[in-house]
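Participant: Just coords.cif, nothing more (mmCIF, C-alpha atoms):
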data_entry
loop_
_atom_site.label_atom_id
_atom_site.label_comp_id
_atom_site.auth_asym_id
_atom_site.auth_seq_id
_atom_site.Cartn_x
_atom_site.Cartn_y
_atom_site.Cartn_z
CA MET A 284 124.59 138.41 99.09
CA LYS A 285 121.41 139.87 100.55
CA ASN A 286 122.36 143.55 100.21
CA TYR A 287 123.88 144.55 96.90
CA ILE A 288 123.66 146.76 93.81
CA PHE A 289 123.02 145.01 90.49
CA THR A 290 123.32 146.70 87.08
CA SER A 291 121.86 145.89 83.66
CA GLU A 292 121.92 147.72 80.34
CA SER A 293 119.76 148.04 77.24
CA VAL A 294 120.15 149.66 73.83
CA THR A 295 117.83 151.31 71.31
CA ARG A 296 117.01 149.98 67.85
CA GLY A 297 119.61 152.32 66.37
CA HIS A 298 122.51 150.62 68.12
CA PRO A 299 124.58 148.82 65.43
CA ASP A 300 124.30 145.39 67.07
CA LYS A 301 120.53 145.79 67.33
CA ILE A 302 120.31 146.91 63.70
CA CYS A 303 121.80 143.53 62.78
CA ASP A 304 119.48 141.60 65.12
CA ILE A 305 116.45 143.30 63.57
CA ILE A 306 117.64 142.65 60.01
CA SER A 307 118.23 138.97 60.86
CA ASP A 308 114.83 138.49 62.48
CA ARG A 309 113.02 140.33 59.69
CA ILE A 310 114.70 137.94 57.24
CA LEU A 311 113.51 135.01 59.37
CA ASP A 312 109.96 136.40 59.53
CA GLU A 313 109.90 136.81 55.76
CA ALA A 314 111.00 133.19 55.31
CA LEU A 315 108.41 131.87 57.78
CA SER A 316 105.63 133.96 56.22
CA GLN A 317 106.21 132.12 52.93
CA ASP A 318 107.30 128.73 54.29
CA ALA A 319 106.51 127.84 57.91
CA TYR A 320 109.10 125.03 57.83
CA SER A 321 111.99 127.28 56.80
CA LYS A 322 115.37 126.52 58.34
CA MET A 323 117.22 129.79 58.74
CA ALA A 324 120.46 130.95 60.34
CA VAL A 325 121.16 134.17 58.44
CA GLU A 326 123.09 136.89 60.26
CA ALA A 327 124.26 140.41 59.50
CA THR A 328 127.26 142.64 60.14
CA ILE A 329 127.36 146.40 59.60
CA LYS A 330 130.15 148.96 59.49
CA ASP A 331 129.85 152.47 58.05
CA ASP A 332 127.75 152.15 54.87
CA LEU A 333 128.46 148.42 54.35
CA ILE A 334 126.06 145.63 55.36
CA LEU A 335 127.12 141.98 55.03
CA ILE A 336 124.35 139.36 55.17
CA TYR A 337 125.56 135.77 55.47
CA GLY A 338 124.58 132.34 56.69
CA GLU A 339 122.62 129.22 55.79
CA GLN A 340 119.06 128.53 54.77
CA ASN A 341 116.77 125.70 53.72
CA THR A 342 113.52 127.26 52.57
CA LYS A 343 111.04 127.54 49.73
CA ALA A 344 110.80 131.27 50.38
CA VAL A 345 112.15 133.82 47.94
CA ILE A 346 113.81 136.56 49.97
CA ASN A 347 115.14 139.95 48.90
CA PHE A 348 117.83 140.30 51.54
CA GLU A 349 119.01 143.69 50.32
CA ASP A 350 115.55 145.26 50.46
CA ILE A 351 114.94 143.98 54.00
CA ALA A 352 118.27 145.40 55.20
CA LYS A 353 117.79 148.81 53.62
CA LYS A 354 114.17 149.08 54.76
CA THR A 355 115.24 148.25 58.32
CA LEU A 356 117.76 151.10 58.36
CA GLN A 357 115.16 153.51 56.97
CA ASP A 358 112.57 152.45 59.55
CA ILE A 359 115.05 153.00 62.38
CA GLY A 360 115.83 156.49 61.12
CA TYR A 361 119.11 156.26 59.23
CA LYS A 362 119.09 158.13 55.93
CA GLU A 363 122.46 157.11 54.47
CA ASN A 364 122.85 154.97 51.35
CA TYR A 365 124.02 151.47 52.27
CA ASN A 366 125.80 148.86 50.18
CA VAL A 367 124.64 145.28 50.84
CA ILE A 368 126.68 142.13 50.19
CA VAL A 369 124.83 138.81 50.47
CA LYS A 370 126.52 135.45 51.04
CA VAL A 371 123.80 132.93 51.96
CA ASN A 372 124.22 129.24 51.18
CA ASN A 373 121.96 126.23 51.54
CA GLN A 374 122.03 124.47 54.90
CA SER A 375 124.50 121.59 55.21
CA SER A 376 122.89 118.32 54.11
CA GLU A 377 124.56 116.60 57.10
CA ILE A 378 122.77 118.94 59.52
CA ASN A 379 119.48 118.71 57.63
CA ASN A 380 119.63 114.91 57.60
CA ALA A 381 120.40 114.84 61.33
CA ILE A 382 117.50 117.04 62.40
CA SER A 383 114.77 115.93 59.95
CA HIS A 384 113.33 112.61 61.12
CA PRO A 385 111.44 110.21 58.77
CA ASN A 386 108.26 110.54 60.88
CA GLY A 387 108.08 114.26 60.11
CA GLU A 388 109.37 115.36 63.49
CA PHE A 389 112.51 117.36 64.13
CA GLY A 390 115.57 116.97 66.28
CA ALA A 391 117.55 119.81 67.78
CA GLY A 392 119.47 121.82 65.19
CA ASP A 393 122.58 121.77 67.35
CA GLN A 394 123.89 120.74 70.73
CA GLY A 395 123.89 123.31 73.50
CA ILE A 396 122.73 124.58 76.88
CA MET A 397 119.89 127.05 77.43
CA PHE A 398 118.64 128.88 80.50
CA GLY A 399 115.31 130.36 81.55
CA TYR A 400 114.91 132.69 84.51
CA ALA A 401 112.19 134.53 86.42
CA ASN A 402 111.92 136.37 89.70
CA SER A 403 109.33 138.40 91.59
CA ASP A 404 110.97 141.84 91.17
CA THR A 405 108.40 143.16 88.67
CA PRO A 406 104.88 142.32 87.43
CA SER A 407 106.42 140.71 84.32
CA LEU A 408 108.57 138.54 86.61
CA MET A 409 111.70 139.98 85.04
CA PRO A 410 114.64 141.27 87.10
CA ALA A 411 114.24 144.95 87.96
CA PRO A 412 117.55 146.21 86.45
CA ILE A 413 116.86 144.91 82.93
CA PHE A 414 113.14 145.72 83.23
CA TYR A 415 113.86 149.41 83.85
CA ALA A 416 116.79 149.55 81.40
CA HIS A 417 114.47 148.32 78.60
CA LYS A 418 111.71 150.70 79.69
CA LEU A 419 114.07 153.68 79.50
CA ALA A 420 115.49 152.60 76.13
CA LYS A 421 112.01 152.29 74.62
CA GLN A 422 111.05 155.70 75.97
CA LEU A 423 114.26 157.18 74.59
CA GLU A 424 113.33 155.85 71.16
CA LEU A 425 109.89 157.46 71.45
CA ILE A 426 111.29 160.91 72.05
CA GLN A 427 113.89 160.44 69.31
CA ASN A 428 110.96 160.68 66.91
CA LYS A 429 109.84 163.92 68.59
CA TYR A 430 113.09 165.91 68.52
CA ASP A 431 115.08 166.28 65.30
CA PHE A 432 118.30 166.89 67.25
CA LEU A 433 118.23 163.33 68.61
CA GLY A 434 119.69 160.42 66.64
CA PRO A 435 118.60 156.76 66.57
CA ASP A 436 121.53 155.35 68.59
CA GLY A 437 121.29 155.12 72.35
CA LYS A 438 122.05 153.09 75.46
CA THR A 439 120.65 152.89 78.98
CA GLN A 440 121.95 151.39 82.21
CA VAL A 441 120.22 150.97 85.56
CA SER A 442 121.80 150.06 88.90
CA VAL A 443 119.26 148.75 91.43
CA GLU A 444 119.97 148.55 95.14
CA TYR A 445 118.66 145.43 96.85
CA VAL A 446 118.15 145.18 100.61
CA ASP A 447 117.48 141.72 102.02
CA ASP A 448 117.39 140.52 98.38
CA THR A 449 114.43 142.82 97.62
CA VAL A 450 114.36 145.91 95.37
CA ASN A 451 114.88 148.95 97.61
CA ARG A 452 115.81 151.87 95.33
CA ILE A 453 117.60 152.81 92.13
CA ASP A 454 121.16 153.88 92.79
CA THR A 455 122.20 155.05 89.29
CA ILE A 456 120.55 155.71 85.93
CA LEU A 457 122.80 156.17 82.91
CA ILE A 458 121.49 157.29 79.52
CA SER A 459 123.60 157.93 76.44
CA CYS A 460 121.77 159.33 73.42
CA GLN A 461 122.99 160.34 70.00
CA HIS A 462 122.47 164.03 69.19
CA THR A 463 123.41 166.80 66.77
CA GLU A 464 126.10 169.38 67.51
CA ASN A 465 123.72 172.28 68.08
CA ILE A 466 121.93 171.03 71.21
CA GLU A 467 123.03 172.46 74.56
CA LYS A 468 123.87 169.86 77.18
CA LYS A 469 121.61 171.42 79.82
CA VAL A 470 118.66 171.37 77.39
CA LEU A 471 119.33 167.76 76.49
CA ASN A 472 119.65 166.80 80.16
CA ARG A 473 116.34 168.46 81.01
CA ILE A 474 114.54 166.64 78.20
CA ILE A 475 115.99 163.27 79.17
CA VAL A 476 115.07 163.73 82.84
CA ASN A 477 111.53 165.01 82.20
CA GLU A 478 110.58 162.95 79.16
CA VAL A 479 112.51 159.71 79.57
CA ILE A 480 113.35 159.10 83.22
CA LYS A 481 110.31 160.52 85.02
CA PRO A 482 107.69 158.69 82.88
CA CYS A 483 109.50 155.36 83.38
CA ILE A 484 110.66 155.23 86.98
CA ASN A 485 108.39 155.28 90.03
CA ASN A 486 109.09 158.18 92.39
CA ASN A 487 109.50 155.80 95.33
CA LEU A 488 112.54 154.23 93.63
CA ILE A 489 114.43 157.51 93.17
CA ASP A 490 115.79 159.60 96.04
CA ASN A 491 118.22 162.48 96.54
CA ASN A 492 121.15 160.08 96.36
CA THR A 493 120.17 158.54 93.01
CA LYS A 494 122.80 159.45 90.44
CA LEU A 495 121.62 160.51 86.96
CA LEU A 496 124.35 160.24 84.32
CA ILE A 497 123.36 161.62 80.92
CA ASN A 498 125.89 161.34 78.09
CA PRO A 499 128.78 160.97 80.55
CA SER A 500 131.26 161.00 77.63
CA GLY A 501 130.34 164.65 77.06
CA SER A 502 129.00 164.30 73.52
CA PHE A 503 127.55 161.53 71.35
CA ILE A 504 127.33 162.92 67.82
CA LEU A 505 128.68 160.08 65.70
CA GLY A 506 126.49 157.01 66.19
CA GLY A 507 125.15 153.89 64.54
CA SER A 508 127.40 151.99 62.18
CA PHE A 509 129.54 155.08 61.55
CA GLY A 510 130.51 155.25 65.21
CA ASP A 511 130.84 151.51 65.81
CA SER A 512 130.43 148.16 64.08
CA GLY A 513 127.55 145.77 64.69
CA THR A 514 126.88 142.04 64.40
CA THR A 515 123.90 139.77 65.03
CA GLY A 516 123.87 138.14 68.45
CA ARG A 517 126.33 140.38 70.28
CA LYS A 518 123.79 141.68 72.80
CA ILE A 519 122.67 138.36 74.32
CA VAL A 520 122.82 139.68 77.91
CA VAL A 521 120.58 142.58 76.88
CA ASP A 522 118.33 140.09 75.08
CA THR A 523 117.87 137.87 78.14
CA TYR A 524 118.03 138.78 81.85
CA GLY A 525 120.58 141.57 82.03
CA GLY A 526 123.14 139.26 83.58
CA MET A 527 121.03 138.26 86.58
CA GLY A 528 120.18 134.87 85.09
CA HIS A 529 122.69 132.67 83.29
CA ILE A 530 122.86 132.72 79.50
CA GLY A 531 123.36 129.77 77.14
CA GLY A 532 126.01 129.14 74.56
CA GLY A 533 124.25 130.67 71.57
CA CYS A 534 122.45 133.86 70.59
CA LEU A 535 118.73 134.06 69.82
CA SER A 536 118.13 136.34 66.82
CA SER A 537 118.40 134.97 63.26
CA LYS A 538 117.62 131.36 64.22
CA ASP A 539 114.47 129.50 63.22
CA PRO A 540 112.65 127.69 66.05
CA THR A 541 114.14 124.27 65.30
CA LYS A 542 117.33 125.79 66.71
CA VAL A 543 117.07 125.05 70.44
CA ASP A 544 119.30 128.05 71.23
CA ARG A 545 116.11 129.97 70.59
CA SER A 546 113.08 127.73 71.14
CA ALA A 547 114.36 125.92 74.23
CA ALA A 548 115.48 129.21 75.77
CA TYR A 549 111.92 130.46 75.28
CA TYR A 550 110.47 127.30 76.79
CA ALA A 551 112.84 127.44 79.76
CA ARG A 552 111.67 130.99 80.47
CA TYR A 553 108.05 129.79 80.13
CA VAL A 554 108.66 127.11 82.75
CA ALA A 555 110.62 129.34 85.13
CA LYS A 556 108.04 132.11 84.90
CA ASN A 557 105.20 129.75 85.71
CA ILE A 558 107.02 128.33 88.72
CA VAL A 559 107.25 131.87 90.12
CA ALA A 560 103.78 132.95 88.93
CA ASN A 561 102.21 129.96 90.69
CA GLY A 562 103.84 130.96 93.97
CA LEU A 563 106.22 127.99 94.15
CA ALA A 564 109.34 130.18 94.41
CA LYS A 565 110.40 133.83 94.34
CA LYS A 566 113.22 133.02 91.94
CA CYS A 567 113.61 130.17 89.50
CA GLU A 568 116.22 129.25 86.91
CA ILE A 569 115.95 126.34 84.51
CA GLN A 570 118.88 124.87 82.61
CA VAL A 571 118.20 122.47 79.74
CA SER A 572 120.62 120.82 77.31
CA TYR A 573 120.23 119.08 73.94
CA ALA A 574 122.20 116.96 71.50
CA ILE A 575 122.05 117.65 67.77
CA GLY A 576 119.42 115.54 66.03
CA LYS A 577 117.71 114.51 69.29
CA SER A 578 114.22 115.76 70.15
CA ASN A 579 114.33 115.26 73.90
CA PRO A 580 116.71 117.08 76.23
CA VAL A 581 119.85 115.48 77.61
CA SER A 582 119.33 117.11 81.00
CA ILE A 583 117.08 119.48 82.94
CA CYS A 584 118.24 121.32 86.06
CA VAL A 585 116.30 123.66 88.36
CA ASP A 586 117.49 126.19 90.95
CA THR A 587 115.18 128.25 93.17
CA PHE A 588 118.04 129.91 95.11
CA GLY A 589 116.56 128.95 98.47
CA THR A 590 113.34 130.90 97.79
CA SER A 591 110.96 127.92 97.73
CA ARG A 592 109.39 125.89 100.52
CA LEU A 593 109.83 122.89 98.21
CA THR A 594 113.02 121.05 97.35
CA GLU A 595 114.50 121.32 93.87
CA LYS A 596 113.53 117.68 93.28
CA GLN A 597 109.90 118.47 94.14
CA ILE A 598 109.96 121.45 91.78
CA LEU A 599 111.46 119.28 89.04
CA ASP A 600 108.72 116.68 89.57
CA ILE A 601 106.09 119.42 89.16
CA ILE A 602 107.84 120.59 85.99
CA LYS A 603 107.76 117.05 84.54
CA ILE A 604 104.01 116.81 85.21
CA ASN A 605 103.19 120.14 83.58
CA PHE A 606 105.76 120.68 80.84
CA ASN A 607 107.31 118.77 77.95
CA PHE A 608 110.74 119.84 76.69
CA ASN A 609 110.52 117.68 73.54
CA LEU A 610 111.42 120.01 70.68
CA ASN A 611 108.35 119.13 68.62
CA ASN A 612 106.10 119.85 71.60
CA ILE A 613 107.84 123.21 72.12
CA LEU A 614 107.19 124.17 68.50
CA GLU A 615 103.50 123.30 68.85
CA GLU A 616 102.79 124.46 72.42
CA LEU A 617 104.38 127.87 71.90
CA ASP A 618 103.23 128.13 68.25
CA LEU A 619 106.70 129.08 67.06
CA ARG A 620 106.40 128.59 63.29
CA LYS A 621 104.86 132.02 62.77
CA PRO A 622 106.65 135.24 61.69
CA ILE A 623 106.79 136.71 65.21
CA TYR A 624 110.50 137.22 65.69
CA ALA A 625 111.14 140.82 64.64
CA ASN A 626 109.12 141.76 67.72
CA THR A 627 111.73 140.07 69.90
CA ALA A 628 114.84 141.59 68.33
CA CYS A 629 114.93 144.72 70.48
CA TYR A 630 114.11 145.43 74.15
CA GLY A 631 114.40 141.80 75.17
CA HIS A 632 113.10 138.40 74.15
CA PHE A 633 111.38 138.07 77.52
CA GLY A 634 108.87 140.01 79.58
CA LYS A 635 106.58 141.07 76.70
CA GLU A 636 103.00 140.02 77.39
CA ASN A 637 102.07 139.25 73.78
CA LEU A 638 104.65 136.46 73.43
CA SER A 639 103.44 132.88 73.84
CA TRP A 640 106.25 131.91 76.22
CA GLU A 641 105.17 134.68 78.61
CA LYS A 642 101.68 133.26 79.26
CA VAL A 643 100.85 132.10 82.76
CA ILE A 644 99.02 128.81 83.32
CA LYS A 645 97.67 127.06 86.41
CA LEU A 646 100.02 124.26 87.32
CA LYS A 647 99.02 120.78 88.47
CA ILE A 648 100.74 120.22 91.79
#
Could I get this file's structure written as structure tokens?
Facilitator:
Amino acid sequence: MKNYIFTSESVTRGHPDKICDIISDRILDEALSQDAYSKMAVEATIKDDLILIYGEQNTKAVINFEDIAKKTLQDIGYKENYNVIVKVNNQSSEINNAISHPNGEFGAGDQGIMFGYANSDTPSLMPAPIFYAHKLAKQLELIQNKYDFLGPDGKTQVSVEYVDDTVNRIDTILISCQHTENIEKKVLNRIIVNEVIKPCINNNLIDNNTKLLINPSGSFILGGSFGDSGTTGRKIVVDTYGGMGHIGGGCLSSKDPTKVDRSAAYYARYVAKNIVANGLAKKCEIQVSYAIGKSNPVSICVDTFGTSRLTEKQILDIIKINFNFNLNNILEELDLRKPIYANTACYGHFGKENLSWEKVIKLKI
């Protein structure tokens, strides 16, 4: 399709699934800050005042899981008392033996497929729907700290109209924000329009036909884990490309970088972004696959959706000259053994300039 409307959503830090992503990645960061070679796959689930932390680890780090979970809830803005149950075991020796090679290098922590995507919609080379959905969600969080009648939970959704496969206008903006009982809907609507939507969306993208839907359910008083349950890794479309690019078989948050679900997905984005940034295509998607215990990928596939003057084979040849999908190279080239992952847990793992897999390099062609 050349003319279409595409929609993506985002959520604030106070959404129960995002609470769990942040807890998981803060646990990972704590492990890596003490032991850069930590193997971690520790997830979280939350419902009401109960938090369950569970998974596997192989680390020298000493981690207070309960403190990290409770501090995360406090930082987000929840004041309730939470009970924390921890069930974290040591990583399976079979998996550890498979991925730890005698020469000190590592093989992939599991089999799987990963995707990386970029297009020319926005300066960050992220698709416009998810770009604006994240922007609105971040702005919503900012004003939540300003008004005491707003709660930490919130969601955004943006529908972008494309004409001739190019961003033309925004058709619909949807924002749902948690609030107290005493706020009038018209006051809330005015604040959201003036302090969330207008600062985030260019005037040339909004017209008289753009639909603004604010708390379409009527009210949103009960939020967070008391309004819904949450689990690590349930917002993978929000975490990646808003549905415009494919997603792989595993989530990102909670996993240390030897898990290719995370590190190879980052590297695939790095490659796809640089193909677009170097003017070789307007859109690019990379698929890569791995086998457990193996350092090199099983396959690499590229698709430029007919937006390149080069063939896919020529693009793949350029990729092989400039990039190395060996897991150990990914860990070194992107410097992934550092405690950087809490910064990725909310508002997307891609499109943030300070992340190593977002850097642009000059390609050898």
Participant: Please report, as JSON lines, each residue of range 499-598 of chain A lying at most 6 Å from range 322-344 of chain A, together with the nearest pair of atoms and the separation in Å rounded to one decimal; use only C-alpha atoms, and order rows by chain and ascending residue number.
Facilitator:
{"residue": "A:Ser508", "atom": "CA", "partner": "A:Asp331", "partner_atom": "CA", "distance": 4.8}
{"residue": "A:Phe509", "atom": "CA", "partner": "A:Asp331", "partner_atom": "CA", "distance": 4.4}
{"residue": "A:Ser512", "atom": "CA", "partner": "A:Lys330", "partner_atom": "CA", "distance": 4.7}
{"residue": "A:Gly513", "atom": "CA", "partner": "A:Ile329", "partner_atom": "CA", "distance": 5.1}
{"residue": "A:Thr514", "atom": "CA", "partner": "A:Thr328", "partner_atom": "CA", "distance": 4.3}
{"residue": "A:Thr515", "atom": "CA", "partner": "A:Ala327", "partner_atom": "CA", "distance": 5.6}
{"residue": "A:Ser537", "atom": "CA", "partner": "A:Ala324", "partner_atom": "CA", "distance": 5.4}
{"residue": "A:Lys538", "atom": "CA", "partner": "A:Ala324", "partner_atom": "CA", "distance": 4.8}
{"residue": "A:Asp539", "atom": "CA", "partner": "A:Met323", "partner_atom": "CA", "distance": 5.3}
Participant: If the PyMOL selection byres ((chain A and resi 442-459) around 9) is run on the structure shown, which residues does it catch, given as number ranges by chain?
Facilitator: A: 284-292, 404, 411-412, 416, 419-420, 423, 436-441, 460-461, 475, 480, 484, 487-490, 492-500, 502-503
Participant: Selected residues, C-alpha atoms, written as a CSV table (one decimal), keeping the file's coordinate frame, please.
Facilitator:
chain,number,residue,atom,x,y,z
A,284,MET,CA,124.6,138.4,99.1
A,285,LYS,CA,121.4,139.9,100.6
A,286,ASN,CA,122.4,143.6,100.2
A,287,TYR,CA,123.9,144.6,96.9
A,288,ILE,CA,123.7,146.8,93.8
A,289,PHE,CA,123.0,145.0,90.5
A,290,THR,CA,123.3,146.7,87.1
A,291,SER,CA,121.9,145.9,83.7
A,292,GLU,CA,121.9,147.7,80.3
A,404,ASP,CA,111.0,141.8,91.2
A,411,ALA,CA,114.2,145.0,88.0
A,412,PRO,CA,117.6,146.2,86.4
A,416,ALA,CA,116.8,149.6,81.4
A,419,LEU,CA,114.1,153.7,79.5
A,420,ALA,CA,115.5,152.6,76.1
A,423,LEU,CA,114.3,157.2,74.6
A,436,ASP,CA,121.5,155.4,68.6
A,437,GLY,CA,121.3,155.1,72.4
A,438,LYS,CA,122.0,153.1,75.5
A,439,THR,CA,120.6,152.9,79.0
A,440,GLN,CA,122.0,151.4,82.2
A,441,VAL,CA,120.2,151.0,85.6
A,460,CYS,CA,121.8,159.3,73.4
A,461,GLN,CA,123.0,160.3,70.0
A,475,ILE,CA,116.0,163.3,79.2
A,480,ILE,CA,113.4,159.1,83.2
A,484,ILE,CA,110.7,155.2,87.0
A,487,ASN,CA,109.5,155.8,95.3
A,488,LEU,CA,112.5,154.2,93.6
A,489,ILE,CA,114.4,157.5,93.2
A,490,ASP,CA,115.8,159.6,96.0
A,492,ASN,CA,121.2,160.1,96.4
A,493,THR,CA,120.2,158.5,93.0
A,494,LYS,CA,122.8,159.4,90.4
A,495,LEU,CA,121.6,160.5,87.0
A,496,LEU,CA,124.4,160.2,84.3
A,497,ILE,CA,123.4,161.6,80.9
A,498,ASN,CA,125.9,161.3,78.1
A,499,PRO,CA,128.8,161.0,80.6
A,500,SER,CA,131.3,161.0,77.6
A,502,SER,CA,129.0,164.3,73.5
A,503,PHE,CA,127.6,161.5,71.4
Participant: If you measure from CA of Gly501 in chain A to CA of Lys468 in chain A, what distance in Å do you get, rounded to one decimal?
Facilitator: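 For CA of Gly501 in chain A relative to CA of Lys468 in chain A, the distance reads 8.3 Å.
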Participant: Determine, counting all atoms listed in the file, which protein, DNA and RNA residues have an atom within 7 Å of an atom of range 563-575 of chain A; residues of the same chain fewer than 6 positions away are not included. Present the result as a list in words.
Facilitator: Gly390, Ala391, Gly392, Asp393, Gln394, Gly395, Ile396, Met397, Phe398, Gly399, Tyr400, Ala401, Asn402, Ser403, Ala551, Ala555, Val581, Ser582, Ile583, Cys584, Val585, Asp586, Thr587, Phe588, Thr590 and Ser591 of chain A
Participant: Restricting the output to C-alpha atoms, write the selected residues as an mmCIF file, in the frame of the given file.
Facilitator:
data_model
loop_
_atom_site.group_PDB
_atom_site.id
_atom_site.type_symbol
_atom_site.label_atom_id
_atom_site.label_comp_id
_atom_site.auth_asym_id
_atom_site.auth_seq_id
_atom_site.Cartn_x
_atom_site.Cartn_y
_atom_site.Cartn_z
ATOM 1 C CA GLY A 390 115.570 116.970 66.280
ATOM 2 C CA ALA A 391 117.550 119.810 67.780
ATOM 3 C CA GLY A 392 119.470 121.820 65.190
ATOM 4 C CA ASP A 393 122.580 121.770 67.350
ATOM 5 C CA GLN A 394 123.890 120.740 70.730
ATOM 6 C CA GLY A 395 123.890 123.310 73.500
ATOM 7 C CA ILE A 396 122.730 124.580 76.880
ATOM 8 C CA MET A 397 119.890 127.050 77.430
ATOM 9 C CA PHE A 398 118.640 128.880 80.500
ATOM 10 C CA GLY A 399 115.310 130.360 81.550
ATOM 11 C CA TYR A 400 114.910 132.690 84.510
ATOM 12 C CA ALA A 401 112.190 134.530 86.420
ATOM 13 C CA ASN A 402 111.920 136.370 89.700
ATOM 14 C CA SER A 403 109.330 138.400 91.590
ATOM 15 C CA ALA A 551 112.840 127.440 79.760
ATOM 16 C CA ALA A 555 110.620 129.340 85.130
ATOM 17 C CA VAL A 581 119.850 115.480 77.610
ATOM 18 C CA SER A 582 119.330 117.110 81.000
ATOM 19 C CA ILE A 583 117.080 119.480 82.940
ATOM 20 C CA CYS A 584 118.240 121.320 86.060
ATOM 21 C CA VAL A 585 116.300 123.660 88.360
ATOM 22 C CA ASP A 586 117.490 126.190 90.950
ATOM 23 C CA THR A 587 115.180 128.250 93.170
ATOM 24 C CA PHE A 588 118.040 129.910 95.110
ATOM 25 C CA THR A 590 113.340 130.900 97.790
ATOM 26 C CA SER A 591 110.960 127.920 97.730
#
Participant: Quote the spacing between CA of Thr523 in chain A and CA of Ile558 in chain A in Å to one decimal place.
Facilitator: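 Here the two named atoms are 17.9 Å from each other.
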Participant: List, as a list in words, every residue that the PyMOL selection byres ((chain A and resi 541) around 10) selects in the file provided.
Facilitator: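 When the PyMOL selection byres ((chain A and resi 541) around 10) is applied to the shown file, the picked residues are Tyr320, Ser321, Lys322, Met323, Ile382, Ser383, Phe389, Gly390, Ala391, Gly392, Asp393, Lys538, Asp539, Pro540, Lys542, Val543, Asp544, Arg545, Ser546, Ala547, Ser578, Leu610, Asn611, Ile613, Leu614, Leu619 and Arg620 of chain A.
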Participant: Out of A:Glu363, A:Asp304, A:Glu478, A:Glu595, which residue has the shortest atom-to-atom distance to His632 in chain A when counting all atoms listed in the file?
Facilitator: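 Closest to His632 in chain A of all the choices is A:Asp304.
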Participant: Within 12 Å of (115.6, 151.3, 64.1), in the coordinates the file gives, what residues turn up when you count only C-alpha atoms, written out as an MDAnalysis selection string?
Facilitator: chainID A and resid 294:306 352:362 421 424:425 427:428 434:437 507:508 625 628:630
Participant: What does the distance from CA of Leu315 in chain A to CA of Ser293 in chain A come to in Å, to one decimal?
Facilitator: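 Those two atoms sit 27.7 Å apart.
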Participant: Mind checking which residues fall within 8 Å of Trp640 in chain A, counting all atoms listed in the file, ignoring those fewer than 3 positions away in the same chain, and posting them as a PDB file with C-alpha atoms, keeping the file's coordinate frame?
Facilitator:
ATOM      1  CA  TYR A 549     111.920 130.460  75.280  1.00  0.00           C
ATOM      2  CA  TYR A 550     110.470 127.300  76.790  1.00  0.00           C
ATOM      3  CA  ARG A 552     111.670 130.990  80.470  1.00  0.00           C
ATOM      4  CA  TYR A 553     108.050 129.790  80.130  1.00  0.00           C
ATOM      5  CA  LEU A 617     104.380 127.870  71.900  1.00  0.00           C
TER       6      LEU A 617
END
Participant: Could you check the closest approach to Ser639 in chain A for each of A:Leu471, A:Ile604, A:Val554, A:Ala560 and tell me which residue wins, using only C-alpha atoms?
Facilitator: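 Using only C-alpha atoms, Ser639 in chain A sits closest to A:Val554.
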Participant: List, as a list in words, every residue that the PyMOL selection byres ((chain A and resi 310) around 8) selects in the file provided.
Facilitator: Ile306, Ser307, Asp308, Arg309, Leu311, Asp312, Glu313, Ala314, Val325, Ile346, Phe348, Ile351 and Ser537 of chain A
Participant: Using only C-alpha atoms, which residue out of A:Ala548, A:Arg517, A:Asn486, A:Leu646 lies closest to Ile530 in chain A?
Facilitator: A:Ala548
Participant: Which residue gives the smallest distance to Cys534 in chain A among A:Lys577, A:Lys518, A:Lys621, A:Lys642, with all atoms listed in the file counted?
Facilitator: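 Result for the nearest residue to Cys534 in chain A: A:Lys518.
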Participant: Could you put an axis-aligned box around every listed atom of range 397-408 of chain A, padded by 3 Å on each side, and send me its centre and edge lengths in Å to one decimal, as lines of an AutoDock Vina configuration file?
Facilitator:
center_x = 112.4
center_y = 135.1
center_z = 84.5
size_x = 21.0
size_y = 22.1
size_z = 20.2
